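K.L.:
This one is target.txt, compact mmCIF, C-alpha atoms.
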# COMPACT_ATOMS: atom_id res chain seq x y z
CA MET B 1 -23.78 89.40 52.70
CA PRO B 2 -25.99 90.13 49.71
CA CYS B 3 -28.46 92.95 49.84
CA GLN B 4 -31.78 91.71 51.29
CA HIS B 5 -33.76 93.48 48.59
CA TYR B 6 -32.11 91.42 45.83
CA LYS B 7 -31.60 88.14 47.67
CA GLU B 8 -34.70 86.31 46.36
CA ALA B 9 -34.21 87.66 42.86
CA LEU B 10 -30.64 86.35 42.88
CA ILE B 11 -31.75 82.87 43.96
CA ASP B 12 -34.56 82.81 41.38
CA ALA B 13 -32.18 83.83 38.64
CA ALA B 14 -29.70 81.12 39.65
CA ALA B 15 -32.48 78.51 39.97
CA SER B 16 -33.89 79.26 36.55
CA GLY B 17 -30.44 79.26 34.98
CA SER B 18 -31.14 82.50 33.18
CA GLU B 19 -28.88 85.52 33.04
CA PRO B 20 -29.92 88.42 35.30
CA ARG B 21 -31.50 91.32 33.45
CA GLY B 22 -32.49 94.93 33.97
CA GLU B 23 -32.29 96.25 37.52
CA LEU B 24 -30.78 93.08 38.93
CA ARG B 25 -28.05 93.08 36.29
CA ALA B 26 -27.24 96.67 37.07
CA HIS B 27 -27.13 95.94 40.80
CA LEU B 28 -24.84 92.95 40.35
CA ASP B 29 -22.46 95.08 38.31
CA ALA B 30 -22.37 97.61 41.12
CA CYS B 31 -22.49 95.36 44.24
CA THR B 32 -19.55 93.03 44.89
CA ALA B 33 -21.27 91.15 47.75
CA CYS B 34 -24.33 90.38 45.66
CA ARG B 35 -22.15 89.31 42.74
CA ALA B 36 -20.26 86.92 45.03
CA ALA B 37 -23.55 85.60 46.44
CA PHE B 38 -24.91 85.07 42.94
CA GLU B 39 -21.79 83.16 41.91
CA GLN B 40 -22.16 81.03 45.04
CA GLU B 41 -25.78 80.27 44.17
CA GLN B 42 -24.80 79.35 40.63
CA SER B 43 -22.14 77.04 42.01
CA LEU B 44 -24.71 75.44 44.34
CA PHE B 45 -27.15 74.81 41.50
CA ALA B 46 -24.38 73.45 39.30
CA SER B 47 -23.49 70.99 42.05
CA ILE B 48 -27.14 70.03 42.45
CA ASP B 49 -27.45 69.41 38.73
CA ALA B 50 -24.29 67.34 38.69
CA GLY B 51 -25.50 65.29 41.65
CA LEU B 52 -28.90 64.80 40.06
CA HIS B 53 -27.25 63.63 36.89
CA VAL B 54 -25.33 61.02 38.86
CA THR B 55 -28.46 59.88 40.67
CA ALA B 56 -30.70 59.84 37.63
CA ASN B 57 -28.25 58.11 35.29
CA ALA B 58 -27.03 55.35 37.54
CA GLU B 59 -25.49 52.47 35.66
CA VAL B 60 -28.04 49.78 34.98
CA PRO B 61 -26.98 46.33 36.24
CA ALA B 62 -26.31 43.92 33.40
CA SER B 63 -28.38 41.33 35.23
CA LEU B 64 -31.59 43.37 35.04
CA LEU B 65 -32.91 42.36 31.62
CA PRO B 66 -31.94 38.66 31.82
CA ARG B 67 -33.65 38.44 35.19
CA VAL B 68 -36.74 40.15 33.87
CA ARG B 69 -36.84 37.74 30.93
CA ALA B 70 -36.49 34.79 33.29
CA ARG B 71 -39.37 36.10 35.37
CA LEU B 72 -41.47 36.61 32.26
CA ASP B 73 -40.86 32.99 31.33
CA LYS B 74 -41.84 31.90 34.82
CA ALA B 75 -44.93 34.05 34.69
CA SER B 76 -46.06 32.17 31.60
CA ALA B 77 -45.33 28.73 33.03
CA PRO B 78 -48.00 28.63 35.78
CA ARG B 79 -50.63 29.33 33.16
CA ARG B 80 -49.67 26.16 31.35
CA ILE B 81 -49.82 24.18 34.59
CA TRP B 82 -53.17 25.73 35.36
CA ALA B 83 -54.33 24.88 31.87
CA ALA B 84 -53.18 21.29 32.35
CA ASN B 85 -55.11 21.09 35.62
CA TRP B 86 -58.12 22.52 33.91
CA LEU B 87 -57.87 19.89 31.22
CA VAL B 88 -57.74 17.14 33.83
CA LEU B 89 -60.83 18.52 35.54
CA ALA B 90 -62.61 18.96 32.23
CA SER B 91 -61.77 15.42 31.22
CA ALA B 92 -63.12 14.10 34.52
CA ALA B 93 -66.30 16.11 34.05
CA ALA B 94 -66.59 14.85 30.49
CA ILE B 95 -66.29 11.25 31.64
CA ILE B 96 -69.06 11.79 34.17
CA VAL B 97 -71.26 13.43 31.54
CA ALA B 98 -70.44 10.66 29.11
CA LEU B 99 -71.47 8.07 31.69
CA PHE B 100 -74.81 9.77 32.23
CA VAL B 101 -75.40 10.17 28.53
CA THR B 102 -74.43 6.58 27.83
CA ARG B 103 -76.73 5.37 30.56
CA ALA B 104 -79.59 7.48 29.22
CA VAL B 105 -79.05 6.13 25.73
CA TRP B 106 -78.72 2.52 26.78
CA ARG B 107 -81.57 2.31 29.25
CA PRO B 108 -84.43 2.02 26.69
CA SER B 109 -82.68 -0.79 24.89
CA THR B 110 -82.19 -2.81 28.02
CA VAL B 111 -85.78 -2.26 29.07
CA GLN B 112 -86.97 -3.15 25.65
CA SER B 113 -85.24 -6.48 25.52
CA PRO B 114 -88.13 -8.47 26.91
CA VAL B 115 -90.48 -6.69 24.55
CA GLU B 116 -88.30 -7.54 21.62
CA THR B 117 -88.66 -11.17 22.42
CA ALA B 118 -92.38 -10.63 22.23
CA GLY B 119 -92.03 -9.61 18.62
CA ASN B 120 -91.47 -5.88 18.68
CA SER B 121 -88.99 -4.33 16.28
CA SER B 122 -85.68 -3.06 17.53
CA GLU B 123 -84.80 -0.39 15.04
CA PRO B 124 -82.00 1.98 15.87
CA PRO B 125 -82.97 5.52 16.92
CA LYS B 126 -83.75 7.79 14.01
CA VAL B 127 -82.58 11.34 13.73
CA THR B 128 -85.30 13.55 12.33
CA PRO B 129 -84.09 17.01 11.31
CA SER B 130 -86.39 19.81 12.28
CA PRO B 131 -87.63 21.64 9.20
CA GLN B 132 -87.49 25.02 10.93
CA ASN B 133 -84.22 25.11 12.69
CA GLN B 134 -82.27 22.15 11.46
CA ILE B 135 -81.68 20.86 14.92
CA PRO B 136 -82.19 17.14 15.03
CA VAL B 137 -84.59 15.50 17.38
CA VAL B 138 -83.69 12.13 18.72
CA VAL B 139 -86.52 9.77 18.06
CA PRO B 140 -86.10 6.42 19.74
CA PRO B 141 -87.58 3.45 18.00
CA ALA B 142 -91.30 3.19 18.40
CA VAL B 143 -92.67 0.33 20.34
CA LYS B 144 -95.56 -1.42 18.68
CA ASN B 145 -97.32 -2.00 21.94
CA SER B 146 -99.43 1.16 21.86
CA ASP B 147 -101.38 0.13 24.90
CA SER B 148 -98.54 1.20 27.10
CA PRO B 149 -99.57 4.04 29.39
CA HIS B 150 -96.00 5.37 29.62
CA GLN B 151 -95.50 7.99 26.97
CA VAL B 152 -92.65 10.43 27.17
CA ALA B 153 -92.02 13.21 24.71
CA ILE B 154 -88.41 13.90 23.98
CA ALA B 155 -87.11 16.88 22.09
CA ARG B 156 -83.72 17.28 23.53
CA ASN B 157 -81.28 19.84 22.39
CA PRO B 158 -78.01 17.96 22.08
CA ALA B 159 -75.97 20.89 23.30
CA GLU B 160 -78.34 22.00 25.98
CA HIS B 161 -76.23 20.91 28.88
CA ALA B 162 -72.91 20.86 27.17
CA THR B 163 -72.51 24.35 25.91
CA SER B 164 -72.10 27.68 27.53
CA PRO B 165 -71.76 31.18 26.11
CA MET B 166 -68.04 30.94 26.59
CA GLY B 167 -66.82 28.41 24.11
CA LYS B 168 -63.51 27.85 25.78
CA THR B 169 -65.15 26.32 28.84
CA MET B 170 -66.96 23.63 26.92
CA PRO B 171 -66.87 20.17 28.35
CA GLU B 172 -66.81 17.22 26.06
CA VAL B 173 -70.12 15.52 25.33
CA LEU B 174 -71.24 12.36 23.62
CA VAL B 175 -73.40 12.91 20.56
CA PRO B 176 -74.52 10.70 17.71
CA ARG B 177 -72.04 10.71 14.86
CA ASP B 178 -74.39 12.45 12.42
CA GLN B 179 -75.10 15.29 14.87
CA GLU B 180 -71.50 16.26 15.44
CA VAL B 181 -71.52 19.07 12.88
CA LEU B 182 -74.89 20.37 13.99
CA LEU B 183 -73.69 20.54 17.57
CA ALA B 184 -70.58 22.42 16.53
CA ASN B 185 -72.71 24.95 14.64
CA TYR B 186 -74.98 25.34 17.59
CA ALA B 187 -72.05 25.90 19.94
CA GLU B 188 -70.59 28.44 17.54
CA GLN B 189 -73.82 30.43 17.64
CA TRP B 190 -73.66 30.39 21.41
CA ARG B 191 -70.08 31.55 21.26
CA LEU B 192 -71.04 34.45 19.06
CA ARG B 193 -73.79 35.25 21.57
CA LYS B 194 -76.48 34.82 19.04
CA ARG B 195 -79.89 33.62 20.03
CA ALA B 196 -80.03 29.92 20.55
CA PRO B 197 -81.43 28.28 17.46
CA LEU B 198 -83.73 26.03 19.38
CA VAL B 199 -85.69 26.49 22.54
CA ALA B 200 -88.37 24.19 23.69
CA LYS B 201 -91.25 26.66 23.36
CA ASP B 202 -90.41 27.26 19.69
CA ALA B 203 -90.35 23.65 18.80
CA ASP B 204 -93.20 22.46 16.69
CA ALA B 205 -95.25 20.04 18.70
CA THR B 206 -95.71 17.88 15.70
CA ILE B 207 -92.05 17.12 15.48
CA LEU B 208 -91.79 16.08 19.07
CA ALA B 209 -91.83 12.41 18.86
CA LEU B 210 -93.56 10.40 21.47
CA LEU B 211 -91.53 7.77 23.06
CA GLN B 212 -93.47 4.82 24.18
CA VAL B 213 -91.61 3.00 26.80
CA ALA B 214 -92.49 -0.57 27.19
CA PRO B 215 -93.63 -1.61 30.65
CA ILE B 216 -90.92 -3.14 32.70
CA GLN B 217 -91.45 -6.83 32.85
CA ILE B 218 -90.49 -8.31 36.15
CA ALA B 219 -90.49 -11.98 36.69
CA GLU B 220 -92.62 -13.33 39.50
CA LEU B 221 -91.05 -12.50 42.78
CA ASP B 222 -90.21 -15.20 45.18
CA VAL B 223 -90.44 -13.56 48.60
CA LYS B 224 -88.66 -15.47 51.28
CA PRO B 225 -88.78 -14.67 54.99
CA LEU B 226 -85.61 -13.48 56.64
CA ALA B 227 -83.63 -15.88 58.76
CA GLU B 228 -84.60 -14.07 61.99
CA GLU B 229 -88.26 -14.33 61.16
CA ILE B 230 -87.87 -18.04 60.65
CA SER B 231 -86.26 -18.48 64.04
CA GLN B 232 -89.08 -16.56 65.72
CA MET D 1 -77.02 0.73 17.95
CA GLN D 2 -76.14 4.31 17.07
CA GLU D 3 -72.50 5.29 17.09
CA LEU D 4 -71.59 8.05 19.55
CA VAL D 5 -68.63 10.38 19.36
CA LEU D 6 -67.00 12.47 22.05
CA VAL D 7 -66.74 16.12 21.04
CA GLN D 8 -66.00 19.44 22.70
CA PRO D 9 -68.35 21.87 20.97
CA GLY D 10 -66.65 25.21 21.72
CA ARG D 11 -63.14 24.03 21.25
CA THR D 12 -61.49 24.70 17.96
CA ALA D 13 -57.87 24.12 17.13
CA GLY D 14 -57.85 27.37 15.20
CA GLY D 15 -58.88 29.38 18.25
CA GLU D 16 -56.08 28.00 20.37
CA LEU D 17 -53.55 28.64 17.69
CA GLU D 18 -54.78 32.20 17.36
CA HIS D 19 -54.46 32.72 21.10
CA GLU D 20 -50.93 31.36 21.14
CA ALA D 21 -49.99 33.50 18.17
CA ALA D 22 -51.40 36.57 19.91
CA GLN D 23 -49.40 35.78 23.04
CA THR D 24 -46.25 35.39 20.98
CA ASP D 25 -46.87 38.73 19.32
CA ILE D 26 -47.39 40.41 22.68
CA ARG D 27 -44.19 38.90 24.04
CA ARG D 28 -42.25 39.99 20.96
CA GLU D 29 -43.61 43.51 21.14
CA PHE D 30 -42.89 43.72 24.84
CA GLU D 31 -39.34 42.47 24.31
CA GLN D 32 -38.73 45.33 21.89
CA ARG D 33 -39.78 47.82 24.55
CA LEU D 34 -38.00 45.99 27.32
CA ALA D 35 -34.52 46.78 26.04
CA GLU D 36 -35.45 50.43 25.59
CA CYS D 37 -37.48 51.03 28.73
CA GLY D 38 -35.96 48.58 31.22
CA PRO D 39 -33.13 50.97 32.13
CA LEU D 40 -35.64 53.79 32.52
CA ALA D 41 -37.63 51.79 35.08
CA TYR D 42 -34.43 50.99 36.94
CA ARG D 43 -33.26 54.60 37.02
CA VAL D 44 -36.58 55.92 38.23
CA ALA D 45 -36.54 53.34 41.02
CA ARG D 46 -32.89 54.08 41.76
CA GLY D 47 -33.61 57.79 41.98
CA VAL D 48 -36.25 57.15 44.60
CA LEU D 49 -34.61 54.35 46.57
CA ARG D 50 -30.91 55.28 46.32
CA ASN D 51 -30.10 51.61 46.52
CA SER D 52 -29.08 49.49 43.55
CA ALA D 53 -30.39 46.15 44.80
CA ASP D 54 -33.79 47.51 45.81
CA ALA D 55 -34.00 49.49 42.57
CA GLU D 56 -33.36 46.35 40.55
CA ASP D 57 -36.06 44.46 42.43
CA VAL D 58 -38.52 47.25 41.89
CA ALA D 59 -37.62 47.60 38.22
CA GLN D 60 -38.14 43.86 37.71
CA GLU D 61 -41.50 43.99 39.44
CA ALA D 62 -42.55 47.03 37.44
CA LEU D 63 -41.62 45.38 34.16
CA LEU D 64 -43.39 42.19 35.12
CA ARG D 65 -46.55 44.08 35.99
CA ALA D 66 -46.30 46.02 32.77
CA TYR D 67 -46.04 42.76 30.84
CA ARG D 68 -49.05 41.23 32.55
CA ARG D 69 -51.19 44.22 31.64
CA PHE D 70 -49.51 44.98 28.33
CA GLU D 71 -52.28 43.52 26.18
CA HIS D 72 -54.78 45.82 27.91
CA LEU D 73 -52.76 48.94 27.14
CA ARG D 74 -54.71 50.62 24.36
CA ASP D 75 -52.13 53.17 23.30
CA ARG D 76 -48.81 51.38 23.12
CA ASN D 77 -47.06 54.69 22.49
CA ARG D 78 -47.82 55.56 26.12
CA PHE D 79 -45.83 52.58 27.34
CA ARG D 80 -42.89 54.64 28.62
CA ALA D 81 -45.08 56.96 30.66
CA TRP D 82 -47.06 54.01 31.95
CA LEU D 83 -43.93 52.12 32.99
CA VAL D 84 -42.43 55.21 34.64
CA ARG D 85 -45.54 55.63 36.76
CA ILE D 86 -45.58 51.95 37.74
CA ALA D 87 -41.91 51.99 38.68
CA PHE D 88 -42.22 55.27 40.57
CA ARG D 89 -45.24 54.08 42.54
CA LEU D 90 -43.61 50.75 43.39
CA ALA D 91 -40.41 52.50 44.44
CA LEU D 92 -42.33 54.83 46.73
CA ASP D 93 -44.13 51.85 48.26
CA ARG D 94 -40.82 50.10 48.80
CA LEU D 95 -39.33 53.23 50.34
CA ARG D 96 -42.26 53.63 52.72
CA SER D 97 -42.07 50.04 53.89
CA ALA D 98 -38.29 50.32 54.26
CA LYS D 99 -38.71 53.43 56.37
CA ARG D 100 -41.30 51.74 58.55
CA ARG D 101 -39.02 48.76 59.00
CA GLU D 102 -36.10 51.02 59.74
CA LEU D 103 -38.05 52.97 62.32
CA ARG D 104 -39.35 49.83 63.96
CA ASP D 105 -36.09 47.91 64.09
CA THR D 106 -33.13 50.23 64.25
CA LEU D 107 -34.26 53.74 65.04
CA TRP D 108 -32.04 53.90 68.11
CA SER D 109 -28.92 53.07 66.17
CA GLN D 110 -29.50 55.25 63.12
CA PRO D 111 -28.36 58.86 62.91
CA GLU D 112 -30.91 61.39 61.72
CA HIS D 113 -31.38 61.60 57.94
CA HIS D 114 -29.26 58.54 57.37
CA PRO D 115 -30.13 57.06 53.99
CA PRO D 116 -31.35 53.47 53.72
CA ALA D 117 -28.69 50.82 53.89
CA VAL D 118 -26.43 50.93 50.86
CA ASN D 119 -23.93 48.40 49.67
CA ALA D 120 -20.19 48.91 49.41
CA GLU D 121 -20.41 49.77 45.76
CA ASP D 122 -22.89 52.53 46.43
CA LEU D 123 -20.91 53.87 49.36
CA ALA D 124 -17.83 54.17 47.20
CA ALA D 125 -19.79 55.98 44.54
CA LEU D 126 -21.43 58.49 46.83
CA ASN D 127 -19.59 61.44 48.28
CA GLU D 128 -20.87 63.51 51.14
CA PHE D 129 -22.65 66.09 49.06
CA GLN D 130 -24.28 63.39 47.01
CA THR D 131 -25.61 61.83 50.19
CA HIS D 132 -27.09 65.13 51.31
CA LEU D 133 -28.53 65.69 47.86
CA ASP D 134 -30.17 62.28 47.82
CA VAL D 135 -31.70 62.90 51.21
CA ALA D 136 -32.98 66.28 50.10
CA LEU D 137 -34.34 64.73 46.93
CA ALA D 138 -36.20 62.10 48.94
CA GLU D 139 -37.87 64.86 50.93
CA LEU D 140 -39.24 66.59 47.86
CA PRO D 141 -42.94 66.23 47.04
CA LYS D 142 -43.56 63.27 44.72
CA LYS D 143 -44.61 65.32 41.71
CA LEU D 144 -41.55 67.54 41.88
CA ARG D 145 -39.22 64.62 42.44
CA LEU D 146 -40.38 62.60 39.45
CA VAL D 147 -40.15 65.53 37.07
CA LEU D 148 -36.70 66.46 38.36
CA LEU D 149 -35.44 62.90 38.00
CA LEU D 150 -36.77 62.57 34.48
CA ALA D 151 -35.29 65.94 33.54
CA ALA D 152 -31.92 64.85 34.89
CA MET D 153 -31.97 61.63 32.89
CA GLU D 154 -30.08 61.71 29.64
CA GLY D 155 -32.13 62.15 26.53
CA HIS D 156 -35.28 63.56 28.08
CA THR D 157 -36.40 66.94 26.82
CA ILE D 158 -39.02 69.10 28.51
CA ASP D 159 -41.48 68.22 25.75
CA GLU D 160 -40.89 64.49 26.21
CA ILE D 161 -41.40 64.73 29.96
CA ALA D 162 -44.59 66.71 29.42
CA SER D 163 -45.84 64.11 26.97
CA MET D 164 -44.78 61.27 29.23
CA LEU D 165 -46.58 62.62 32.28
CA GLY D 166 -49.51 64.13 30.43
CA ILE D 167 -48.88 67.66 31.66
CA SER D 168 -48.01 70.91 29.91
CA THR D 169 -44.46 72.01 29.24
CA GLY D 170 -45.10 75.06 31.41
CA THR D 171 -46.00 72.78 34.32
CA VAL D 172 -42.84 70.76 33.77
CA LYS D 173 -40.71 73.89 33.78
CA SER D 174 -42.31 75.28 36.91
CA ARG D 175 -41.97 71.96 38.72
CA ILE D 176 -38.28 71.77 37.81
CA PHE D 177 -37.78 75.33 38.99
CA TYR D 178 -39.49 74.78 42.36
CA ALA D 179 -37.78 71.45 42.86
CA ARG D 180 -34.33 72.95 42.31
CA ARG D 181 -35.15 75.86 44.60
CA GLN D 182 -36.26 73.53 47.37
CA LEU D 183 -33.14 71.43 46.97
CA ALA D 184 -31.01 74.56 47.14
CA GLU D 185 -32.73 75.62 50.36
CA LYS D 186 -31.92 72.27 51.96
CA LEU D 187 -28.37 72.12 50.66
CA ARG D 188 -27.25 75.70 51.18
CA CYS D 189 -26.04 74.81 54.65
CA HIS D 190 -23.71 72.30 53.00
CA ALA D 191 -22.17 74.95 50.78
CA ASN D 192 -18.82 74.42 52.49
CA ILE D 193 -18.79 70.89 51.11
CA ILE D 194 -19.29 72.35 47.67
CA LYS D 195 -16.42 74.74 48.10
CA LYS D 196 -14.15 71.86 49.03
CA ARG D 197 -15.09 69.90 45.91
Rewrite the coordinates I just gave you, this time as structure tokens.
P.N.:
Amino acid sequence: MPCQHYKEALIDAAASGSEPRGELRAHLDACTACRAAFEQEQSLFASIDAGLHVTANAEVPASLLPRVRARLDKASAPRRIWAANWLVLASAAAIIVALFVTRAVWRPSTVQSPVETAGNSSEPPKVTPSPQNQIPVVVPPAVKNSDSPHQVAIARNPAEHATSPMGKTMPEVLVPRDQEVLLANYAEQWRLRKRAPLVAKDADATILALLQVAPIQIAELDVKPLAEEISQ
Amino acid sequence: MQELVLVQPGRTAGGELEHEAAQTDIRREFEQRLAECGPLAYRVARGVLRNSADAEDVAQEALLRAYRRFEHLRDRNRFRAWLVRIAFRLALDRLRSAKRRELRDTLWSQPEHHPPAVNAEDLAALNEFQTHLDVALAELPKKLRLVLLLAAMEGHTIDEIASMLGISTGTVKSRIFYARRQLAEKLRCHANIIKKR
């Protein structure tokens, strides 16, 4: 049995791995029991260190890195699938937008047809660049019949509904051929989070063209009673 | 009639190429660290779990998480420390859930302080003292355990551990000292096993 007075000091010395000094050294030289206890503690700590070395330096399975690489590859794959799905959705949205845009563009022409037969010109829409901000304004062909009460001002930003601050979420939109570059520039400014180059309140009223829509001409209606009404 | 074209304003081929190139760079950089730090993640997990199969699962998960967040890691020189912490935390989580499962399912059939199920390979590798040591190690406080494991791993100096864990060298030394003392307290009763060895 080691001397109680030196017991903790012996353990601390063995735990720290340092050689005993001073009073403890002198006691160990004089006390056989404490020297034996100290050697036993040193043996215990040596065994602990050896065991820790075994635990901490376990052989790494050869399969670890290949499996990790395979999982990394898999982790990248779903993104591509997700991206493909996103593209499908974006394409569907673009088709819908394109349909609306096409319909909006074509409607005046179809309405105008009867007017054209009455002698009005059917010029294609003109693109008038704005002197201040270089954003074109779509000016549909003017209708000569100025008596029409239907006047609609159009100053539509081509990218108004198609762009968002995040460029990568842009849907596809239909634009006139000569406005393609302008739209790209506009979208780029959005992407860079700059102020939009055109907002409606800044637009000069003088450049807002007035669209005169010809009155819809409907042939005389021939109203016929329903079959049930006839029987009654 | 005016000709219309279908365009996607924000989409530029250059941007996509840049993104792909950045991803390739990240993967390449991660691969370089993977070979160096993969074993470290495994050993940290193995030191906590004492089970090769579980340790491999945890190491894989830790590396995968590290990869997913790699581009957000500002100081890439801290990758080792970061990975060690991820692996250690995941291993502790796995150990806790394993203990809960063990308690719930097979408490009646398990002797006290029996380590989690180990495979034949592990059983052959472990002797009795090693088993007691692993159990004692598992009972150490987390902070002491991690420092002791890292100190026992080949090639880790006190300074490296301090740098890895963001603590002073004095703290590392004191944690190692207290960890070894606590292990000795738990294992002193098994001194006869040591004498036999």
K.L.:
Using all atoms listed in the file, which of the listed residues (B:Asp49, B:Glu8, B:Glu188, B:Glu180) sits closest to Leu24 in chain B?
P.N.:
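Selected residue with least distance to Leu24 in chain B: B:Glu8.
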K.L.:
Can you tell me, as a PDB file with C-alpha atoms, in the coordinates of the input, what residues are no more than 10 Å from Ala93 in chain B when counting all atoms listed in the file, ignoring any on the same chain fewer than 4 positions away?
P.N.:
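Result file is selection.pdb:
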ATOM      1  CA  LEU B  87     -57.870  19.890  31.220  1.00  0.00           C
ATOM      2  CA  VAL B  88     -57.740  17.140  33.830  1.00  0.00           C
ATOM      3  CA  LEU B  89     -60.830  18.520  35.540  1.00  0.00           C
ATOM      4  CA  VAL B  97     -71.260  13.430  31.540  1.00  0.00           C
ATOM      5  CA  ALA B  98     -70.440  10.660  29.110  1.00  0.00           C
ATOM      6  CA  LEU B  99     -71.470   8.070  31.690  1.00  0.00           C
ATOM      7  CA  PRO B 171     -66.870  20.170  28.350  1.00  0.00           C
ATOM      8  CA  GLU B 172     -66.810  17.220  26.060  1.00  0.00           C
ATOM      9  CA  VAL B 173     -70.120  15.520  25.330  1.00  0.00           C
TER      10      VAL B 173
END
K.L.:
Would you pick out the contacts of range 146-153 of chain D at 8 Å or less, using only C-alpha atoms, so that residues sharing its chain but fewer than 5 positions from it are not included, and give the list as a PDB file with C-alpha atoms, in the frame of the given file?
P.N.:
ATOM      1  CA  ASP B  49     -27.450  69.410  38.730  1.00  0.00           C
ATOM      2  CA  LEU B  52     -28.900  64.800  40.060  1.00  0.00           C
ATOM      3  CA  HIS B  53     -27.250  63.630  36.890  1.00  0.00           C
ATOM      4  CA  ALA B  56     -30.700  59.840  37.630  1.00  0.00           C
ATOM      5  CA  ASN B  57     -28.250  58.110  35.290  1.00  0.00           C
TER       6      ASN B  57
ATOM      7  CA  VAL D  44     -36.580  55.920  38.230  1.00  0.00           C
ATOM      8  CA  GLY D  47     -33.610  57.790  41.980  1.00  0.00           C
ATOM      9  CA  PHE D  88     -42.220  55.270  40.570  1.00  0.00           C
ATOM     10  CA  ILE D 158     -39.020  69.100  28.510  1.00  0.00           C
ATOM     11  CA  ILE D 161     -41.400  64.730  29.960  1.00  0.00           C
ATOM     12  CA  VAL D 172     -42.840  70.760  33.770  1.00  0.00           C
ATOM     13  CA  ARG D 175     -41.970  71.960  38.720  1.00  0.00           C
ATOM     14  CA  ILE D 176     -38.280  71.770  37.810  1.00  0.00           C
ATOM     15  CA  ALA D 179     -37.780  71.450  42.860  1.00  0.00           C
ATOM     16  CA  ARG D 180     -34.330  72.950  42.310  1.00  0.00           C
TER      17      ARG D 180
END
K.L.:
Of the residues D:Glu29, D:Glu18, D:Asp93, D:Asp134, which is the one nearest to chain B, using only C-alpha atoms?
P.N.:
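Ranking D:Glu29, D:Glu18, D:Asp93, D:Asp134 by distance to chain B, first place goes to D:Asp134.
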K.L.:
Using all atoms listed in the file, which of the listed residues (B:Ile96, B:Glu19, B:Arg35, B:Ala26) sits closest to Lys7 in chain B?
P.N.:
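Looking at the shortest contact to Lys7 in chain B, the residue is B:Arg35.
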K.L.:
Go ahead and compute the interatomic distance for CA of Arg188 in chain D and CA of Ala15 in chain B, in Å to one decimal.
P.N.:
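If I compute the distance from CA of Arg188 in chain D to CA of Ala15 in chain B, I get 12.7 Å.
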K.L.:
One decimal, Å: what's the distance from CA of Glu31 in chain D over to CA of Ile167 in chain D, could you say?
P.N.:
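Between CA of Glu31 in chain D and CA of Ile167 in chain D the gap works out to 27.9 Å.
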K.L.:
Given only C-alpha atoms as the basis, pick out the residue of D:Leu90, D:Phe79, D:Glu160, D:Lys142 nearest to Glu36 in chain D.
P.N.:
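So, comparing all the options, the nearest one is D:Phe79.
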K.L.:
So, counting all atoms listed in the file, which residue among B:Ala92, B:Ala214, B:Leu44, B:Leu10 is closest to chain D?
P.N.:
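Checking each of B:Ala92, B:Ala214, B:Leu44, B:Leu10 against chain D, counting all atoms listed in the file, the winner is B:Leu44.
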K.L.:
One decimal, in Å: what's the spacing between CA of Pro141 in chain D and CA of Ile86 in chain D?
P.N.:
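Going from CA of Pro141 in chain D over to CA of Ile86 in chain D covers 17.2 Å.
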K.L.:
Taking all atoms listed in the file into account, which of D:Ala184, D:Leu83, D:Leu49, D:Ala91 comes nearest chain B?
P.N.:
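Using all atoms listed in the file, chain B sits closest to D:Ala184.
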K.L.:
Using all atoms listed in the file - which residues lie no farther than 10 Å from the point (-30.1, 91.2, 48.3) in the file's frame? Write them as number ranges by chain.
P.N.:
B: 1-11, 24, 27-28, 31, 33-35, 37-38
K.L.:
Compile the contact shell of Phe30 in chain D as a ChimeraX atom specification: residues with an atom at most 7 Å away, counting only C-alpha atoms, same-chain residues fewer than 4 positions apart removed.
P.N.:
/D:26,34,67
K.L.:
Tell me which protein, DNA and RNA residues are within 9 Å of Leu63 in chain D, counting all atoms listed in the file, leaving out same-chain ones fewer than 2 positions away, and put them as a compact mmCIF listing (two decimals) with C-alpha atoms, in the coordinates of the input.
P.N.:
# COMPACT_ATOMS: atom_id res chain seq x y z
CA VAL B 68 -36.74 40.15 33.87
CA LEU B 72 -41.47 36.61 32.26
CA LEU D 34 -38.00 45.99 27.32
CA CYS D 37 -37.48 51.03 28.73
CA GLY D 38 -35.96 48.58 31.22
CA ALA D 41 -37.63 51.79 35.08
CA VAL D 58 -38.52 47.25 41.89
CA ALA D 59 -37.62 47.60 38.22
CA GLN D 60 -38.14 43.86 37.71
CA GLU D 61 -41.50 43.99 39.44
CA ARG D 65 -46.55 44.08 35.99
CA ALA D 66 -46.30 46.02 32.77
CA TYR D 67 -46.04 42.76 30.84
CA ARG D 68 -49.05 41.23 32.55
CA LEU D 83 -43.93 52.12 32.99
CA ILE D 86 -45.58 51.95 37.74
CA ALA D 87 -41.91 51.99 38.68
